[in-house]
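Chemist: The following block contains the structure, expressed as structure tokens.
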Amino acid sequence: MKTMNYKSMIALVMLAFTSTTVLADRFLINDIDQTVSLTRSLDCYSVPQISIDTSRPEIYGPDATQLQAIGDTVRAMLSYECPSLSRINIVGYVRGLEDVIYRAELSEQNNWLLPANNLADVNAQGYDG
């Protein structure tokens, strides 16, 4: 059986990183408090959508410092793969609830800053936080 040489392996890795299509449901951030993933394939021509599923609903509150940091991290990751990226849609959930709690769009036009408050009607969803 023939083994892959070093140059072939590097070429394969580079191809994987420069591909214009990235699989959906790819975890971008996965830690104890939240999971952030692409919800559909990243093709560098449409607006990517990410899903945030957190056990800490306060990240969607008025002090969106942590949420902005997540958005900045995701933008950096996706911009590496799609340099022409100009918008990212964010959909936020709280673990244990099925309904969307938060919706927003990060955009180059708004200097990649999150809008002030995009909470959904959380009281109708059974969340009283």
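Identifiers in this document derive from the order of the structure tokens: chains are assigned A, B, ..., residues are numbered from 1 separately in each chain, and ligands are numbered from 1 in order of occurrence.
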For the helix (DSSP H, G or I) assignment from backbone DSSP, which residues of stretch 74-117 of chain A qualify? Please present them as a list in words.
Modeler: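 Everything in stretch 74-117 of chain A that counts as helix (DSSP H, G or I) is Val74, Arg75, Ala76, Met77, Leu78, Ser79, Tyr80, Glu81, Glu108, Gln109 and Asn110 of chain A.
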Chemist: Keeping only C-alpha atoms, write the selected residues to a file as an mmCIF file, in the first residue's frame.
Modeler:
data_model
loop_
_atom_site.group_PDB
_atom_site.id
_atom_site.type_symbol
_atom_site.label_atom_id
_atom_site.label_comp_id
_atom_site.auth_asym_id
_atom_site.auth_seq_id
_atom_site.Cartn_x
_atom_site.Cartn_y
_atom_site.Cartn_z
ATOM 1 C CA VAL A 74 -17.068 33.506 14.487
ATOM 2 C CA ARG A 75 -16.495 36.372 12.041
ATOM 3 C CA ALA A 76 -12.738 35.837 12.240
ATOM 4 C CA MET A 77 -13.128 32.103 11.649
ATOM 5 C CA LEU A 78 -15.508 32.443 8.719
ATOM 6 C CA SER A 79 -13.630 35.376 7.167
ATOM 7 C CA TYR A 80 -10.566 33.176 6.933
ATOM 8 C CA GLU A 81 -12.540 30.785 4.735
ATOM 9 C CA GLU A 108 -19.645 44.932 7.896
ATOM 10 C CA GLN A 109 -21.989 47.871 7.225
ATOM 11 C CA ASN A 110 -22.580 48.187 11.015
#
Chemist: Give me the residues near A:Thr54 as a list in words, where near means some atom within 6 Å (using only C-alpha atoms) and where sequence neighbours in that chain fewer than 3 positions away do not count.
Modeler: Asp33, Gln34, Val94 and Arg95 of chain A
Chemist: Using atom CA of A:Gly71 and atom CA of A:Leu106 as the two end points, give the distance in Å to one decimal.
Modeler: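 Computing the Euclidean distance for atom CA of A:Gly71 and atom CA of A:Leu106 yields 7.4 Å.
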Chemist: Using only C-alpha atoms, pick whichever of A:Leu85, A:Gly92, A:Pro57, A:Ala64 has the shortest atom-to-atom distance to A:Val36.
Modeler: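 Ranking A:Leu85, A:Gly92, A:Pro57, A:Ala64 by distance to A:Val36, first place goes to A:Gly92.
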Chemist: From stretch 16-126 of chain A, collect each residue whose DSSP state is strand (DSSP E or B) and return the set as JSON, numbers by chain.
Modeler: {"A": [22, 27, 28, 29, 30, 34, 35, 36, 37, 38, 42, 49, 50, 51, 52, 53, 54, 87, 88, 89, 90, 91, 92, 93, 94, 102, 103, 104, 105, 106, 107, 119]}
Chemist: Would you output that residue set with C-alpha atoms, as a CSV table (one decimal), in the first residue's frame?
Modeler:
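result25.csv, written as the output of this step:
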chain,number,residue,atom,x,y,z
A,22,VAL,CA,-18.0,24.1,4.3
A,27,PHE,CA,-19.2,23.3,15.5
A,28,LEU,CA,-17.3,26.5,15.6
A,29,ILE,CA,-17.3,26.9,19.4
A,30,ASN,CA,-18.1,24.1,21.8
A,34,GLN,CA,-22.5,27.2,24.8
A,35,THR,CA,-22.3,25.6,21.4
A,36,VAL,CA,-22.0,27.7,18.3
A,37,SER,CA,-22.4,26.0,14.9
A,38,LEU,CA,-23.1,26.7,11.3
A,42,LEU,CA,-21.0,28.0,4.0
A,49,GLN,CA,-26.3,31.5,9.7
A,50,ILE,CA,-24.9,30.4,13.0
A,51,SER,CA,-26.8,28.9,15.9
A,52,ILE,CA,-25.9,29.7,19.5
A,53,ASP,CA,-27.2,27.2,22.1
A,54,THR,CA,-26.4,28.3,25.6
A,87,ARG,CA,-22.9,39.6,6.9
A,88,ILE,CA,-23.6,36.8,9.4
A,89,ASN,CA,-27.1,35.8,10.7
A,90,ILE,CA,-27.3,34.7,14.3
A,91,VAL,CA,-30.1,32.6,15.9
A,92,GLY,CA,-29.9,32.1,19.6
A,93,TYR,CA,-31.4,29.4,21.8
A,94,VAL,CA,-31.4,28.6,25.5
A,102,TYR,CA,-32.5,35.8,19.9
A,103,ARG,CA,-32.1,36.9,16.3
A,104,ALA,CA,-29.5,39.3,14.9
A,105,GLU,CA,-27.3,40.1,12.0
A,106,LEU,CA,-23.7,41.1,12.2
A,107,SER,CA,-22.6,43.1,9.2
A,119,LEU,CA,-34.7,39.3,22.1
Chemist: Could you check the closest approach to A:Ile101 for each of A:Arg40, A:Glu58, A:Ile32, A:Arg26 and tell me which residue wins, using only C-alpha atoms?
Modeler: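 With only C-alpha atoms as the atom set, the closest residue is A:Glu58.
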Chemist: Rounded to one decimal, what separation in Å do you get between atom CA of A:Pro83 and atom CA of A:Ser41?
Modeler: 15.9 Å
Chemist: Rounded to one decimal in Å, what is the spacing between atom CA of A:Val47 and atom CA of A:Gly96?
Modeler: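 Between these atoms lies a distance of 27.3 Å.
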Chemist: Give me, as a CSV table (one decimal) with N, CA and C atoms, in the first residue's frame, all polymer residues having an atom no more than 9 Å from A:Ser84, counting only C-alpha atoms and skipping those fewer than 2 positions away in the same chain.
Modeler:
chain,number,residue,atom,x,y,z
A,44,CYS,N,-19.7,30.9,0.7
A,44,CYS,CA,-19.0,32.2,0.4
A,44,CYS,C,-19.8,33.1,-0.5
A,45,TYR,N,-21.0,32.7,-0.9
A,45,TYR,CA,-21.8,33.6,-1.8
A,45,TYR,C,-23.1,34.0,-1.1
A,79,SER,N,-14.3,34.5,8.1
A,79,SER,CA,-13.6,35.4,7.2
A,79,SER,C,-12.4,34.7,6.6
A,82,CYS,N,-13.9,32.7,3.9
A,82,CYS,CA,-14.6,33.5,2.9
A,82,CYS,C,-14.2,34.9,3.1
A,86,SER,N,-19.5,39.6,4.4
A,86,SER,CA,-20.0,40.9,4.8
A,86,SER,C,-21.1,40.9,5.8
